[in-house]
Each structure stands twice: as structure tokens, then as C-alpha cells.
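Next comes structure-v4.cif, a file with mmCIF, N, CA and C atoms and all ligand atoms.
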```cif
data_entry
#
loop_
_atom_site.label_atom_id
_atom_site.label_comp_id
_atom_site.auth_asym_id
_atom_site.auth_seq_id
_atom_site.Cartn_x
_atom_site.Cartn_y
_atom_site.Cartn_z
N MET A 1 12.25 310.97 146.96
CA MET A 1 12.69 309.56 146.93
C MET A 1 12.62 308.97 148.33
N ASP A 2 11.84 307.92 148.48
CA ASP A 2 11.63 307.31 149.79
C ASP A 2 12.72 306.26 150.08
N TYR A 3 13.82 306.73 150.63
CA TYR A 3 14.96 305.84 150.88
C TYR A 3 14.64 304.71 151.85
N VAL A 4 13.86 305.04 152.87
CA VAL A 4 13.53 304.02 153.88
C VAL A 4 12.78 302.86 153.23
N TYR A 5 11.82 303.21 152.39
CA TYR A 5 11.01 302.20 151.71
C TYR A 5 11.88 301.33 150.81
N PHE A 6 12.73 301.97 150.01
CA PHE A 6 13.53 301.19 149.07
C PHE A 6 14.63 300.40 149.78
N ARG A 7 15.11 300.94 150.88
CA ARG A 7 16.08 300.17 151.66
C ARG A 7 15.44 298.87 152.16
N GLN A 8 14.17 298.98 152.58
CA GLN A 8 13.44 297.78 153.03
C GLN A 8 13.25 296.78 151.89
N LEU A 9 12.86 297.32 150.72
CA LEU A 9 12.70 296.45 149.55
C LEU A 9 13.99 295.69 149.25
N LEU A 10 15.09 296.40 149.27
CA LEU A 10 16.40 295.81 148.97
C LEU A 10 16.78 294.78 150.04
N GLU A 11 16.48 295.13 151.28
CA GLU A 11 16.77 294.24 152.40
C GLU A 11 16.01 292.91 152.23
N LYS A 12 14.73 293.02 151.83
CA LYS A 12 13.89 291.84 151.60
C LYS A 12 14.45 290.97 150.48
N ARG A 13 14.84 291.64 149.40
CA ARG A 13 15.42 290.91 148.26
C ARG A 13 16.66 290.13 148.68
N LYS A 14 17.50 290.81 149.44
CA LYS A 14 18.75 290.21 149.88
C LYS A 14 18.46 288.97 150.73
N GLN A 15 17.50 289.11 151.65
CA GLN A 15 17.12 287.98 152.50
C GLN A 15 16.60 286.82 151.66
N ALA A 16 15.74 287.14 150.68
CA ALA A 16 15.16 286.09 149.83
C ALA A 16 16.26 285.33 149.10
N ILE A 17 17.23 286.06 148.57
CA ILE A 17 18.33 285.41 147.84
C ILE A 17 19.14 284.53 148.78
N GLU A 18 19.40 285.04 149.98
CA GLU A 18 20.19 284.26 150.93
C GLU A 18 19.46 283.00 151.38
N GLU A 19 18.11 283.12 151.49
CA GLU A 19 17.33 281.93 151.84
C GLU A 19 17.38 280.88 150.74
N ILE A 20 17.23 281.33 149.50
CA ILE A 20 17.29 280.40 148.37
C ILE A 20 18.66 279.74 148.32
N ALA A 21 19.70 280.52 148.55
CA ALA A 21 21.07 279.99 148.54
C ALA A 21 21.22 278.90 149.61
N ALA A 22 20.65 279.13 150.77
CA ALA A 22 20.74 278.16 151.86
C ALA A 22 19.97 276.88 151.51
N GLU A 23 18.77 277.06 150.94
CA GLU A 23 17.97 275.89 150.54
C GLU A 23 18.67 275.08 149.46
N ASN A 24 19.27 275.81 148.53
CA ASN A 24 19.89 275.15 147.40
C ASN A 24 21.07 274.28 147.79
N THR A 25 21.76 274.65 148.84
CA THR A 25 22.86 273.83 149.32
C THR A 25 22.32 272.48 149.75
N ASP A 26 21.16 272.51 150.43
CA ASP A 26 20.52 271.26 150.84
C ASP A 26 20.08 270.44 149.63
N ALA A 27 19.44 271.12 148.67
CA ALA A 27 18.88 270.43 147.51
C ALA A 27 19.96 269.68 146.73
N SER A 28 21.12 270.31 146.56
CA SER A 28 22.14 269.66 145.74
C SER A 28 22.73 268.44 146.45
N SER A 29 22.76 268.45 147.78
CA SER A 29 23.27 267.28 148.48
C SER A 29 22.26 266.13 148.39
N VAL A 30 20.96 266.47 148.32
CA VAL A 30 19.92 265.45 148.16
C VAL A 30 20.09 264.76 146.81
N VAL A 31 20.35 265.56 145.78
CA VAL A 31 20.56 265.01 144.44
C VAL A 31 21.73 264.02 144.45
N ASP A 32 22.81 264.41 145.11
CA ASP A 32 23.97 263.52 145.21
C ASP A 32 23.61 262.18 145.83
N LEU A 33 22.83 262.26 146.91
CA LEU A 33 22.41 261.04 147.62
C LEU A 33 21.61 260.13 146.70
N ASP A 34 20.60 260.73 146.04
CA ASP A 34 19.76 259.97 145.11
C ASP A 34 20.60 259.24 144.08
N GLN A 35 21.56 259.95 143.57
CA GLN A 35 22.38 259.42 142.49
C GLN A 35 23.13 258.15 142.93
N THR A 36 23.73 258.22 144.10
CA THR A 36 24.50 257.06 144.55
C THR A 36 23.58 255.92 144.98
N ARG A 37 22.40 256.27 145.50
CA ARG A 37 21.52 255.24 146.02
C ARG A 37 20.76 254.49 144.92
N VAL A 38 20.10 255.26 144.03
CA VAL A 38 19.27 254.60 143.02
C VAL A 38 19.78 254.76 141.59
N GLY A 39 20.79 255.61 141.41
CA GLY A 39 21.33 255.83 140.07
C GLY A 39 20.29 256.32 139.10
N ARG A 40 19.37 257.14 139.59
CA ARG A 40 18.26 257.59 138.77
C ARG A 40 18.72 258.60 137.72
N LEU A 41 19.65 259.43 138.07
CA LEU A 41 20.11 260.45 137.14
C LEU A 41 21.23 259.91 136.26
N THR A 42 21.11 260.18 134.99
CA THR A 42 22.24 259.86 134.11
C THR A 42 23.33 260.90 134.35
N ARG A 43 24.50 260.61 133.84
CA ARG A 43 25.61 261.54 133.98
C ARG A 43 25.28 262.88 133.32
N MET A 44 24.64 262.81 132.15
CA MET A 44 24.26 264.04 131.45
C MET A 44 23.29 264.87 132.26
N ASP A 45 22.29 264.20 132.84
CA ASP A 45 21.31 264.91 133.67
C ASP A 45 22.00 265.58 134.84
N ALA A 46 22.90 264.84 135.45
CA ALA A 46 23.59 265.36 136.63
C ALA A 46 24.43 266.57 136.25
N MET A 47 25.12 266.46 135.09
CA MET A 47 25.95 267.58 134.65
C MET A 47 25.10 268.80 134.32
N GLN A 48 23.94 268.53 133.70
CA GLN A 48 23.05 269.63 133.34
C GLN A 48 22.50 270.30 134.61
N ALA A 49 22.11 269.48 135.56
CA ALA A 49 21.58 270.01 136.81
C ALA A 49 22.63 270.84 137.53
N GLN A 50 23.86 270.34 137.47
CA GLN A 50 24.95 271.06 138.15
C GLN A 50 25.22 272.40 137.45
N ALA A 51 25.21 272.38 136.12
CA ALA A 51 25.43 273.61 135.36
C ALA A 51 24.34 274.63 135.66
N MET A 52 23.10 274.14 135.75
CA MET A 52 21.99 275.04 136.03
C MET A 52 22.10 275.62 137.43
N SER A 53 22.49 274.79 138.37
CA SER A 53 22.57 275.29 139.73
C SER A 53 23.76 276.25 139.89
N MET A 54 24.83 276.01 139.10
CA MET A 54 25.95 276.95 139.13
C MET A 54 25.57 278.28 138.50
N GLU A 55 24.78 278.20 137.42
CA GLU A 55 24.31 279.41 136.75
C GLU A 55 23.40 280.21 137.68
N ALA A 56 22.52 279.49 138.38
CA ALA A 56 21.62 280.16 139.31
C ALA A 56 22.41 280.81 140.45
N LYS A 57 23.45 280.10 140.89
CA LYS A 57 24.28 280.61 141.97
C LYS A 57 25.01 281.88 141.51
N ARG A 58 25.52 281.83 140.27
CA ARG A 58 26.23 282.98 139.71
C ARG A 58 25.28 284.18 139.63
N ARG A 59 24.03 283.91 139.21
CA ARG A 59 23.06 284.99 139.08
C ARG A 59 22.72 285.58 140.45
N ARG A 60 22.60 284.70 141.45
CA ARG A 60 22.32 285.20 142.80
C ARG A 60 23.45 286.10 143.30
N GLN A 61 24.69 285.69 143.00
CA GLN A 61 25.83 286.50 143.44
C GLN A 61 25.83 287.86 142.75
N GLN A 62 25.48 287.85 141.46
CA GLN A 62 25.39 289.12 140.72
C GLN A 62 24.31 290.01 141.34
N ASP A 63 23.17 289.39 141.68
CA ASP A 63 22.08 290.16 142.29
C ASP A 63 22.53 290.76 143.62
N LEU A 64 23.27 289.99 144.40
CA LEU A 64 23.73 290.49 145.68
C LEU A 64 24.67 291.68 145.50
N VAL A 65 25.53 291.59 144.48
CA VAL A 65 26.44 292.71 144.18
C VAL A 65 25.64 293.96 143.82
N LYS A 66 24.59 293.75 143.00
CA LYS A 66 23.74 294.88 142.60
C LYS A 66 23.03 295.49 143.80
N ILE A 67 22.58 294.61 144.70
CA ILE A 67 21.88 295.09 145.90
C ILE A 67 22.83 295.90 146.78
N GLU A 68 24.05 295.40 146.95
CA GLU A 68 25.03 296.13 147.76
C GLU A 68 25.32 297.50 147.13
N ALA A 69 25.42 297.52 145.80
CA ALA A 69 25.66 298.78 145.10
C ALA A 69 24.51 299.76 145.33
N ALA A 70 23.29 299.21 145.36
CA ALA A 70 22.11 300.06 145.59
C ALA A 70 22.13 300.65 147.01
N PHE A 71 22.55 299.83 147.99
CA PHE A 71 22.68 300.33 149.36
C PHE A 71 23.66 301.49 149.41
N LYS A 72 24.75 301.34 148.67
CA LYS A 72 25.77 302.38 148.65
C LYS A 72 25.21 303.66 148.03
N ARG A 73 24.40 303.49 146.97
CA ARG A 73 23.81 304.68 146.34
C ARG A 73 22.81 305.36 147.27
N ILE A 74 22.13 304.56 148.10
CA ILE A 74 21.22 305.16 149.09
C ILE A 74 22.03 305.99 150.08
N GLU A 75 23.15 305.44 150.55
CA GLU A 75 24.02 306.16 151.49
C GLU A 75 24.51 307.48 150.88
N ASN A 76 24.88 307.41 149.61
CA ASN A 76 25.39 308.61 148.92
C ASN A 76 24.28 309.54 148.44
N GLU A 77 23.04 309.10 148.69
CA GLU A 77 21.86 309.87 148.30
C GLU A 77 21.77 310.11 146.80
N ASP A 78 22.33 309.21 146.00
CA ASP A 78 22.04 309.32 144.58
C ASP A 78 21.26 308.12 144.06
N TYR A 79 20.66 307.42 145.02
CA TYR A 79 19.79 306.31 144.65
C TYR A 79 18.54 306.83 143.95
N GLY A 80 18.10 306.09 142.91
CA GLY A 80 16.85 306.46 142.24
C GLY A 80 17.03 307.42 141.09
N TYR A 81 18.30 307.82 140.85
CA TYR A 81 18.57 308.69 139.71
C TYR A 81 19.31 307.90 138.64
N CYS A 82 18.93 308.13 137.41
CA CYS A 82 19.54 307.43 136.28
C CYS A 82 21.03 307.77 136.18
N VAL A 83 21.86 306.73 136.03
CA VAL A 83 23.31 306.96 135.95
C VAL A 83 23.71 307.59 134.61
N GLU A 84 22.81 307.50 133.62
CA GLU A 84 23.13 308.06 132.30
C GLU A 84 22.76 309.54 132.23
N CYS A 85 21.49 309.83 132.53
CA CYS A 85 20.99 311.19 132.28
C CYS A 85 20.72 311.97 133.56
N GLY A 86 20.75 311.29 134.72
CA GLY A 86 20.56 312.00 135.98
C GLY A 86 19.11 312.29 136.34
N GLU A 87 18.19 311.86 135.48
CA GLU A 87 16.77 312.05 135.79
C GLU A 87 16.33 311.03 136.83
N GLU A 88 15.25 311.36 137.55
CA GLU A 88 14.70 310.41 138.51
C GLU A 88 14.15 309.20 137.78
N ILE A 89 14.42 308.02 138.33
CA ILE A 89 13.88 306.79 137.75
C ILE A 89 12.45 306.61 138.25
N ASN A 90 11.57 306.21 137.35
CA ASN A 90 10.18 305.98 137.68
C ASN A 90 10.04 305.07 138.91
N GLN A 91 9.22 305.49 139.86
CA GLN A 91 9.05 304.77 141.12
C GLN A 91 8.61 303.32 140.93
N ARG A 92 7.68 303.11 139.98
CA ARG A 92 7.19 301.74 139.73
C ARG A 92 8.30 300.85 139.20
N ARG A 93 9.14 301.44 138.38
CA ARG A 93 10.28 300.70 137.82
C ARG A 93 11.21 300.26 138.96
N LEU A 94 11.42 301.14 139.91
CA LEU A 94 12.26 300.82 141.06
C LEU A 94 11.61 299.78 141.97
N GLU A 95 10.28 299.85 142.07
CA GLU A 95 9.59 298.85 142.89
C GLU A 95 9.71 297.47 142.27
N PHE A 96 9.66 297.45 140.95
CA PHE A 96 9.77 296.17 140.24
C PHE A 96 11.19 295.61 140.39
N ASP A 97 12.18 296.46 140.21
CA ASP A 97 13.57 296.06 140.43
C ASP A 97 14.33 297.20 141.09
N PRO A 98 14.46 297.13 142.43
CA PRO A 98 15.09 298.25 143.15
C PRO A 98 16.59 298.41 142.87
N THR A 99 17.16 297.54 142.03
CA THR A 99 18.60 297.68 141.74
C THR A 99 18.86 298.33 140.37
N VAL A 100 17.80 298.74 139.66
CA VAL A 100 18.03 299.32 138.33
C VAL A 100 18.85 300.62 138.41
N LEU A 101 19.66 300.83 137.38
CA LEU A 101 20.56 301.98 137.36
C LEU A 101 20.11 303.06 136.38
N ARG A 102 19.28 302.65 135.41
CA ARG A 102 18.92 303.58 134.34
C ARG A 102 17.42 303.77 134.27
N CYS A 103 17.02 304.93 133.76
CA CYS A 103 15.61 305.16 133.49
C CYS A 103 15.21 304.38 132.23
N VAL A 104 13.90 304.29 132.00
CA VAL A 104 13.41 303.50 130.86
C VAL A 104 14.00 303.99 129.54
N GLU A 105 14.03 305.31 129.37
CA GLU A 105 14.51 305.90 128.12
C GLU A 105 15.95 305.48 127.84
N CYS A 106 16.82 305.60 128.83
CA CYS A 106 18.24 305.27 128.65
C CYS A 106 18.42 303.75 128.45
N GLU A 107 17.62 302.96 129.17
CA GLU A 107 17.70 301.51 129.03
C GLU A 107 17.35 301.10 127.60
N GLU A 108 16.31 301.72 127.06
CA GLU A 108 15.88 301.38 125.71
C GLU A 108 16.86 301.88 124.65
N ALA A 109 17.53 302.97 124.97
CA ALA A 109 18.49 303.55 124.02
C ALA A 109 19.79 302.75 123.96
N SER A 110 20.09 302.03 125.04
CA SER A 110 21.38 301.30 125.08
C SER A 110 21.30 299.96 124.35
ZN ZN B 201 18.20 308.15 131.90
#
```
Please express what this file holds, its structure, as C-alpha cells.
Ligand SMILES: [Zn+2]
Amino acid sequence: MDYVYFRQLLEKRKQAIEEIAAENTDASSVVDLDQTRVGRLTRMDAMQAQAMSMEAKRRRQQDLVKIEAAFKRIENEDYGYCVECGEEINQRRLEFDPTVLRCVECEEAS
């Protein structure tokens, strides 16, 4: 298990999420400005946009929690092993999502 490689992958993911979070703070203030200036958005649109941005924010926070958990598993040297059966998780699966906890078999069984 290449811990250095996966630590980098996780580090990159974390940075990407933090960048999106920073951009999104700007984007939502732009929407507010537009609304007061031209009244382009209806109340429903604004509420929907807000709900979506809150949902996205919630998802980003969940991802960050998962990433932190993965860092901890790297430290404990049990990263890359399925939490259900203890088998090694397929490398490609980890590359696709370095925060996965289960192997394909256990994921499909659950
Ligand atoms: Zn498994």
C-alpha cells in the first residue's frame, strides 16, 4: 500500500474542497447583490439556490470528515483495508475515491 501516494491524493482532494468552499462564499454574496439590485431572482429561486448551496456545503463538510478519517487510517497503517472483511481494497477503487472504507464485495453486499 503506497501511503505517500494516497496521502497526496487525499491532500489534493482536501485542497480542492477548500478552494470550492472559498469560491462559493464569493458566489453567494454576488447572488445577494443581484437580487437587491435587479430583483432578477424570485423568492422561490433564491430559496432553492440557498438550499442547494447549503446541501453542497454539507456534502463538502462530510467529505472533509471522510478525508480526515482517511489520514488517521494512514497514520494507524490500516488505510486501504476493508473495514468489513479486512481484505485489501482494490487500488483503482482507492484512486477513484481515496476515502472509501469497504471493498467492492462488501459495498455491494450492504
Ligand atoms: Zn470487504
- Task: Could you give me the residues within 8 Å of ligand ZN 201 (chain B), counting only C-alpha atoms and all ligand atoms, as a list in words?
- Result: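 My answer, listing the contacting residues, is Tyr81, Cys82, Val83, Glu84, Cys85, Gly86, Glu87, Glu88, Ile89, Arg102, Cys103, Val104, Glu105, Cys106 and Glu107 of chain A.
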I need the chosen residues saved as a PDB file, in the frame of the given file, with N, CA and C atoms.
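File written: selection_8.pdb
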```pdb
ATOM      1  N   TYR A  81      18.300 307.820 140.850  1.00  0.00           N
ATOM      2  CA  TYR A  81      18.570 308.690 139.710  1.00  0.00           C
ATOM      3  C   TYR A  81      19.310 307.900 138.640  1.00  0.00           C
ATOM      4  N   CYS A  82      18.930 308.130 137.410  1.00  0.00           N
ATOM      5  CA  CYS A  82      19.540 307.430 136.280  1.00  0.00           C
ATOM      6  C   CYS A  82      21.030 307.770 136.180  1.00  0.00           C
ATOM      7  N   VAL A  83      21.860 306.730 136.030  1.00  0.00           N
ATOM      8  CA  VAL A  83      23.310 306.960 135.950  1.00  0.00           C
ATOM      9  C   VAL A  83      23.710 307.590 134.610  1.00  0.00           C
ATOM     10  N   GLU A  84      22.810 307.500 133.620  1.00  0.00           N
ATOM     11  CA  GLU A  84      23.130 308.060 132.300  1.00  0.00           C
ATOM     12  C   GLU A  84      22.760 309.540 132.230  1.00  0.00           C
ATOM     13  N   CYS A  85      21.490 309.830 132.530  1.00  0.00           N
ATOM     14  CA  CYS A  85      20.990 311.190 132.280  1.00  0.00           C
ATOM     15  C   CYS A  85      20.720 311.970 133.560  1.00  0.00           C
ATOM     16  N   GLY A  86      20.750 311.290 134.720  1.00  0.00           N
ATOM     17  CA  GLY A  86      20.560 312.000 135.980  1.00  0.00           C
ATOM     18  C   GLY A  86      19.110 312.290 136.340  1.00  0.00           C
ATOM     19  N   GLU A  87      18.190 311.860 135.480  1.00  0.00           N
ATOM     20  CA  GLU A  87      16.770 312.050 135.790  1.00  0.00           C
ATOM     21  C   GLU A  87      16.330 311.030 136.830  1.00  0.00           C
ATOM     22  N   GLU A  88      15.250 311.360 137.550  1.00  0.00           N
ATOM     23  CA  GLU A  88      14.700 310.410 138.510  1.00  0.00           C
ATOM     24  C   GLU A  88      14.150 309.200 137.780  1.00  0.00           C
ATOM     25  N   ILE A  89      14.420 308.020 138.330  1.00  0.00           N
ATOM     26  CA  ILE A  89      13.880 306.790 137.750  1.00  0.00           C
ATOM     27  C   ILE A  89      12.450 306.610 138.250  1.00  0.00           C
ATOM     28  N   ARG A 102      19.280 302.650 135.410  1.00  0.00           N
ATOM     29  CA  ARG A 102      18.920 303.580 134.340  1.00  0.00           C
ATOM     30  C   ARG A 102      17.420 303.770 134.270  1.00  0.00           C
ATOM     31  N   CYS A 103      17.020 304.930 133.760  1.00  0.00           N
ATOM     32  CA  CYS A 103      15.610 305.160 133.490  1.00  0.00           C
ATOM     33  C   CYS A 103      15.210 304.380 132.230  1.00  0.00           C
ATOM     34  N   VAL A 104      13.900 304.290 132.000  1.00  0.00           N
ATOM     35  CA  VAL A 104      13.410 303.500 130.860  1.00  0.00           C
ATOM     36  C   VAL A 104      14.000 303.990 129.540  1.00  0.00           C
ATOM     37  N   GLU A 105      14.030 305.310 129.370  1.00  0.00           N
ATOM     38  CA  GLU A 105      14.510 305.900 128.120  1.00  0.00           C
ATOM     39  C   GLU A 105      15.950 305.480 127.840  1.00  0.00           C
ATOM     40  N   CYS A 106      16.820 305.600 128.830  1.00  0.00           N
ATOM     41  CA  CYS A 106      18.240 305.270 128.650  1.00  0.00           C
ATOM     42  C   CYS A 106      18.420 303.750 128.450  1.00  0.00           C
ATOM     43  N   GLU A 107      17.620 302.960 129.170  1.00  0.00           N
ATOM     44  CA  GLU A 107      17.700 301.510 129.030  1.00  0.00           C
ATOM     45  C   GLU A 107      17.350 301.100 127.600  1.00  0.00           C
TER      46      GLU A 107
END
```
Could you put an axis-aligned box around every listed atom of stretch 55-73 of chain A, padded by 3 Å on each side, and send me its centre and edge lengths in Å to one decimal, as AutoDock Vina command-line options?
```
--center_x 24.0 --center_y 291.8 --center_z 143.1 --size_x 10.8 --size_y 33.2 --size_z 18.7
```
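The coordinates place atom C of A:Gln61 at 19.6 Å from atom N of A:Glu95.
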*asked:* Among stretch 3-109 of chain A, which ones does DSSP assign to helix (DSSP H, G or I) (computed from the backbone)? Answer as JSON, numbers by chain.
replied: {"A": [3, 4, 5, 6, 7, 8, 9, 10, 11, 12, 13, 14, 15, 16, 17, 18, 19, 20, 21, 22, 23, 24, 25, 26, 27, 28, 29, 30, 31, 32, 33, 34, 35, 36, 37, 38, 43, 44, 45, 46, 47, 48, 49, 50, 51, 52, 53, 54, 55, 56, 57, 58, 59, 60, 61, 62, 63, 64, 65, 66, 67, 68, 69, 70, 71, 72, 73, 74, 75, 91, 92, 93, 94, 95, 96, 104, 105, 106, 107, 108, 109]}
Here atom CA of A:Glu77 and atom CA of A:Glu19 stand apart by 28.5 Å
Could you give me, as an MDAnalysis selection string, the residues that have an atom at most 12 Å away from the point (14.2, 306.0, 151.6) in the coordinates of the file, using only C-alpha atoms?
chainID A and resid 1:10 70:71 73:80 91 94 98
Which distance in Å separates atom CA of A:Lys14 and atom CA of A:Ala69, to one decimal?
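Distance between the two atoms: 12.0 Å.
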